Amino acid sequence: MLIRLGYEIAIDCPQSMPVISLLDIHPERQHDIKRQTKVLTSPRVASDSYQDSFGNLCRRYLAPQGGFQILYDALVEDSGEYQLPNPLANETPVESLPPEAIVFLLGSRYCETDHLSDLAWRLFGNLPQGWARVQAITDYVNNRLSFGYGYARATRTAAQAHEERVGVCRDFAHLAITFCRCMNIPARYVNGYLGDIGVPPDPAPMDFNAWFEAFLDGRWYTFDARHNVPRIGRVVVARGRDATDVPLLHSFGPHKLTTFKVWTYEQESYPVRPPSRGTDRTLTTPLIS
């Protein structure tokens, strides 16, 4: 399967300021890129790239005063296969976890394990360990929260999402991650492309998506508390403890988002040029912070 994906994002800056983007396809999928444009900016400015502590690709710019646009378009090869469920996958005892997984047991800005630990143990403490427990958490969050772009709020935490019972995809992920961590299951936040491939098209403008991964039996498995059905065509951009670690853009000063377009869909052939598909949408979500 070939997936066409990309973005056009523009901000208005009242003054020149540094900007860091986490918009590059994750290093683990770079070998799947069949064709791509350069990351284009308008006006043209220099950039340098680096990997952060979670292994994500970051770009650093000095955005000029006024409008600043970033544009990218690519064709990515994907297996088109669903992740098969693994009901036999069990939890790894904390004392046996690899050191790099331990950070994903701890509370973080949007995942307040101290607020939800008692509730988590009441809800999930008597359930079978492993895959069944993570799936039960995913089911609970999917049923507990109602999705809507109008519910977006940059400061909403997992505990607040549970209380308010509304959110966008990042809130679903944060709440599920928090419950997993409360049950001593490492869980991490994932941001990436997820188009309407193999499912009925969503009439809402395309967006980046958030889901989570849980560590079971020595590997990371994908779970999606918002959709909670098998999906194909996921392309990871970045991973972290929560949305704090992986904003699409982080500016070191105030800015106004003026354009936000994302595209991701199956394509049969190989041309690469910015498509017309995409709709401007002024966002209140912290995709850009």
# chains A, B, ... in the order shown; residues from 1 in each chain; ligands from 1
>>> select_by_dssp(residues="stretch 108-249 of chain A", states="strand (DSSP E)", output="PyMOL selection string")
chain A and resi 146-147+166-167+187-193+209-216+219-223+235-240+249
>>> closest_atom_pairs(of="stretch 43-124 of chain A", to="stretch 176-180 of chain A", cutoff="12 Å", atoms="only C-alpha atoms", output="CSV")
residue,atom,partner,partner_atom,distance
A:Glu91,CA,A:Cys180,CA,10.6
A:Phe104,CA,A:Ile177,CA,8.8
A:Leu105,CA,A:Cys180,CA,8.1
A:Leu106,CA,A:Thr178,CA,8.9
A:Gly107,CA,A:Thr178,CA,7.5
A:Ser108,CA,A:Thr178,CA,8.9
A:Arg109,CA,A:Thr178,CA,10.7
A:Tyr110,CA,A:Thr178,CA,8.6
A:Cys111,CA,A:Thr178,CA,5.1
A:Glu112,CA,A:Thr178,CA,6.6
A:Thr113,CA,A:Thr178,CA,5.7
A:Asp114,CA,A:Thr178,CA,9.3
A:His115,CA,A:Thr178,CA,9.5
A:Leu116,CA,A:Phe179,CA,7.1
A:Ser117,CA,A:Phe179,CA,7.3
A:Asp118,CA,A:Phe179,CA,9.9
A:Leu119,CA,A:Phe179,CA,8.6
A:Ala120,CA,A:Phe179,CA,5.6
A:Trp121,CA,A:Phe179,CA,8.7
A:Arg122,CA,A:Phe179,CA,10.9
A:Leu123,CA,A:Phe179,CA,9.4
A:Phe124,CA,A:Phe179,CA,8.7
>>> write_last_selection(atoms="N, CA and C atoms", output="mmCIF file, in the first residue's frame")
data_model
loop_
_atom_site.group_PDB
_atom_site.id
_atom_site.type_symbol
_atom_site.label_atom_id
_atom_site.label_comp_id
_atom_site.auth_asym_id
_atom_site.auth_seq_id
_atom_site.Cartn_x
_atom_site.Cartn_y
_atom_site.Cartn_z
ATOM 1 N N GLU A 91 1.880 -8.930 31.343
ATOM 2 C CA GLU A 91 2.588 -7.791 31.898
ATOM 3 C C GLU A 91 3.988 -8.208 32.348
ATOM 4 N N PHE A 104 8.038 5.489 31.490
ATOM 5 C CA PHE A 104 6.650 5.445 31.025
ATOM 6 C C PHE A 104 5.705 4.813 32.048
ATOM 7 N N LEU A 105 6.224 4.608 33.265
ATOM 8 C CA LEU A 105 5.379 4.239 34.405
ATOM 9 C C LEU A 105 5.058 5.450 35.273
ATOM 10 N N LEU A 106 5.777 6.537 35.088
ATOM 11 C CA LEU A 106 5.702 7.675 35.994
ATOM 12 C C LEU A 106 4.644 8.674 35.554
ATOM 13 N N GLY A 107 4.147 9.418 36.521
ATOM 14 C CA GLY A 107 3.221 10.491 36.192
ATOM 15 C C GLY A 107 3.915 11.553 35.354
ATOM 16 N N SER A 108 3.139 12.278 34.555
ATOM 17 C CA SER A 108 3.664 13.356 33.727
ATOM 18 C C SER A 108 2.628 14.472 33.686
ATOM 19 N N ARG A 109 2.918 15.530 32.966
ATOM 20 C CA ARG A 109 2.094 16.735 33.028
ATOM 21 C C ARG A 109 0.609 16.450 32.826
ATOM 22 N N TYR A 110 0.285 15.665 31.788
ATOM 23 C CA TYR A 110 -1.122 15.409 31.473
ATOM 24 C C TYR A 110 -1.614 14.066 31.991
ATOM 25 N N CYS A 111 -0.737 13.283 32.570
ATOM 26 C CA CYS A 111 -1.085 11.936 33.039
ATOM 27 C C CYS A 111 -0.793 11.841 34.527
ATOM 28 N N GLU A 112 -1.728 12.323 35.346
ATOM 29 C CA GLU A 112 -1.509 12.423 36.799
ATOM 30 C C GLU A 112 -1.888 11.109 37.469
ATOM 31 N N THR A 113 -0.921 10.220 37.548
ATOM 32 C CA THR A 113 -1.170 8.907 38.136
ATOM 33 C C THR A 113 -1.591 9.012 39.599
ATOM 34 N N ASP A 114 -1.111 10.034 40.300
ATOM 35 C CA ASP A 114 -1.464 10.155 41.714
ATOM 36 C C ASP A 114 -2.946 10.457 41.894
ATOM 37 N N HIS A 115 -3.574 11.120 40.939
ATOM 38 C CA HIS A 115 -4.996 11.448 41.046
ATOM 39 C C HIS A 115 -5.899 10.265 40.694
ATOM 40 N N LEU A 116 -5.412 9.367 39.846
ATOM 41 C CA LEU A 116 -6.284 8.321 39.314
ATOM 42 C C LEU A 116 -5.911 6.912 39.765
ATOM 43 N N SER A 117 -4.907 6.788 40.622
ATOM 44 C CA SER A 117 -4.441 5.457 41.003
ATOM 45 C C SER A 117 -5.519 4.646 41.728
ATOM 46 N N ASP A 118 -6.159 5.237 42.721
ATOM 47 C CA ASP A 118 -7.190 4.499 43.468
ATOM 48 C C ASP A 118 -8.325 4.058 42.557
ATOM 49 N N LEU A 119 -8.769 4.965 41.681
ATOM 50 C CA LEU A 119 -9.840 4.614 40.742
ATOM 51 C C LEU A 119 -9.395 3.493 39.812
ATOM 52 N N ALA A 120 -8.176 3.574 39.322
ATOM 53 C CA ALA A 120 -7.678 2.545 38.405
ATOM 54 C C ALA A 120 -7.701 1.168 39.052
ATOM 55 N N TRP A 121 -7.247 1.081 40.289
ATOM 56 C CA TRP A 121 -7.224 -0.218 40.949
ATOM 57 C C TRP A 121 -8.622 -0.734 41.255
ATOM 58 N N ARG A 122 -9.562 0.181 41.528
ATOM 59 C CA ARG A 122 -10.949 -0.259 41.732
ATOM 60 C C ARG A 122 -11.551 -0.787 40.434
ATOM 61 N N LEU A 123 -11.246 -0.119 39.327
ATOM 62 C CA LEU A 123 -11.839 -0.501 38.050
ATOM 63 C C LEU A 123 -11.183 -1.724 37.422
ATOM 64 N N PHE A 124 -9.859 -1.818 37.518
ATOM 65 C CA PHE A 124 -9.125 -2.802 36.728
ATOM 66 C C PHE A 124 -8.271 -3.760 37.556
#
>>> atom_distance(atom1="atom CA of A:Ile33", atom2="atom CA of A:Ala74")
7.0 Å
>>> closest_residue(among="A:Leu62, A:Asp202, A:Asp73, A:Pro87", to="A:Gln129", atoms="only C-alpha atoms")
A:Pro87
>>> closest_residue(among="A:Arg241, A:His255, A:Arg231, A:Arg226", to="A:Cys169", atoms="only C-alpha atoms")
A:Arg226
>>> closest_residue(among="A:Glu100, A:Asp12, A:Asp32, A:Asp224", to="A:Asp78", atoms="only C-alpha atoms")
A:Asp32
>>> closest_residue(among="A:Thr92, A:Thr258, A:Ser49, A:Asn228", to="A:Asn143", atoms="only C-alpha atoms")
A:Asn228
>>> select_by_dssp(residues="stretch 94-268 of chain A", states="alpha helix (DSSP H)", output="PDB file with C-alpha atoms, in the first residue's frame")
ATOM      1  CA  PRO A  99      15.412   0.748  32.153  1.00  0.00           C
ATOM      2  CA  GLU A 100      14.130   2.739  29.171  1.00  0.00           C
ATOM      3  CA  ALA A 101      10.547   1.623  29.872  1.00  0.00           C
ATOM      4  CA  ILE A 102      10.460   2.780  33.503  1.00  0.00           C
ATOM      5  CA  THR A 113      -1.170   8.907  38.136  1.00  0.00           C
ATOM      6  CA  ASP A 114      -1.464  10.155  41.714  1.00  0.00           C
ATOM      7  CA  HIS A 115      -4.996  11.448  41.046  1.00  0.00           C
ATOM      8  CA  LEU A 116      -6.284   8.321  39.314  1.00  0.00           C
ATOM      9  CA  SER A 117      -4.441   5.457  41.003  1.00  0.00           C
ATOM     10  CA  ASP A 118      -7.190   4.499  43.468  1.00  0.00           C
ATOM     11  CA  LEU A 119      -9.840   4.614  40.742  1.00  0.00           C
ATOM     12  CA  ALA A 120      -7.678   2.545  38.405  1.00  0.00           C
ATOM     13  CA  TRP A 121      -7.224  -0.218  40.949  1.00  0.00           C
ATOM     14  CA  ARG A 122     -10.949  -0.259  41.732  1.00  0.00           C
ATOM     15  CA  LEU A 123     -11.839  -0.501  38.050  1.00  0.00           C
ATOM     16  CA  PHE A 124      -9.125  -2.802  36.728  1.00  0.00           C
ATOM     17  CA  TRP A 131      -3.536  -7.746  27.071  1.00  0.00           C
ATOM     18  CA  ALA A 132      -7.000  -8.211  28.552  1.00  0.00           C
ATOM     19  CA  ARG A 133      -6.376  -5.506  31.153  1.00  0.00           C
ATOM     20  CA  VAL A 134      -5.043  -2.976  28.612  1.00  0.00           C
ATOM     21  CA  GLN A 135      -7.968  -3.696  26.311  1.00  0.00           C
ATOM     22  CA  ALA A 136     -10.390  -3.229  29.214  1.00  0.00           C
ATOM     23  CA  ILE A 137      -8.792   0.159  29.909  1.00  0.00           C
ATOM     24  CA  THR A 138      -9.109   1.075  26.232  1.00  0.00           C
ATOM     25  CA  ASP A 139     -12.778   0.018  26.204  1.00  0.00           C
ATOM     26  CA  TYR A 140     -13.504   1.998  29.354  1.00  0.00           C
ATOM     27  CA  VAL A 141     -11.948   5.197  28.034  1.00  0.00           C
ATOM     28  CA  ASN A 142     -13.689   4.811  24.675  1.00  0.00           C
ATOM     29  CA  ASN A 143     -17.037   4.501  26.452  1.00  0.00           C
ATOM     30  CA  ARG A 144     -16.325   7.141  29.083  1.00  0.00           C
ATOM     31  CA  ALA A 158      -6.363  12.897  32.120  1.00  0.00           C
ATOM     32  CA  ALA A 159      -8.172  13.347  35.429  1.00  0.00           C
ATOM     33  CA  GLN A 160     -10.085  16.336  34.067  1.00  0.00           C
ATOM     34  CA  ALA A 161     -11.032  14.398  30.936  1.00  0.00           C
ATOM     35  CA  HIS A 162     -12.380  11.595  33.121  1.00  0.00           C
ATOM     36  CA  GLU A 163     -14.448  14.070  35.126  1.00  0.00           C
ATOM     37  CA  GLU A 164     -15.704  16.079  32.129  1.00  0.00           C
ATOM     38  CA  CYS A 169      -7.909  12.074  20.568  1.00  0.00           C
ATOM     39  CA  ARG A 170      -5.084  13.276  22.820  1.00  0.00           C
ATOM     40  CA  ASP A 171      -7.420  13.229  25.839  1.00  0.00           C
ATOM     41  CA  PHE A 172      -8.456   9.646  25.083  1.00  0.00           C
ATOM     42  CA  ALA A 173      -4.783   8.682  24.868  1.00  0.00           C
ATOM     43  CA  HIS A 174      -3.816  10.528  28.047  1.00  0.00           C
ATOM     44  CA  LEU A 175      -6.543   8.888  30.116  1.00  0.00           C
ATOM     45  CA  ALA A 176      -5.738   5.374  28.868  1.00  0.00           C
ATOM     46  CA  ILE A 177      -2.008   5.955  29.418  1.00  0.00           C
ATOM     47  CA  THR A 178      -2.636   7.123  32.965  1.00  0.00           C
ATOM     48  CA  PHE A 179      -4.735   4.088  33.862  1.00  0.00           C
ATOM     49  CA  CYS A 180      -2.082   1.761  32.400  1.00  0.00           C
ATOM     50  CA  ARG A 181       0.680   3.420  34.393  1.00  0.00           C
ATOM     51  CA  CYS A 182      -1.416   3.213  37.553  1.00  0.00           C
TER      52      CYS A 182
END
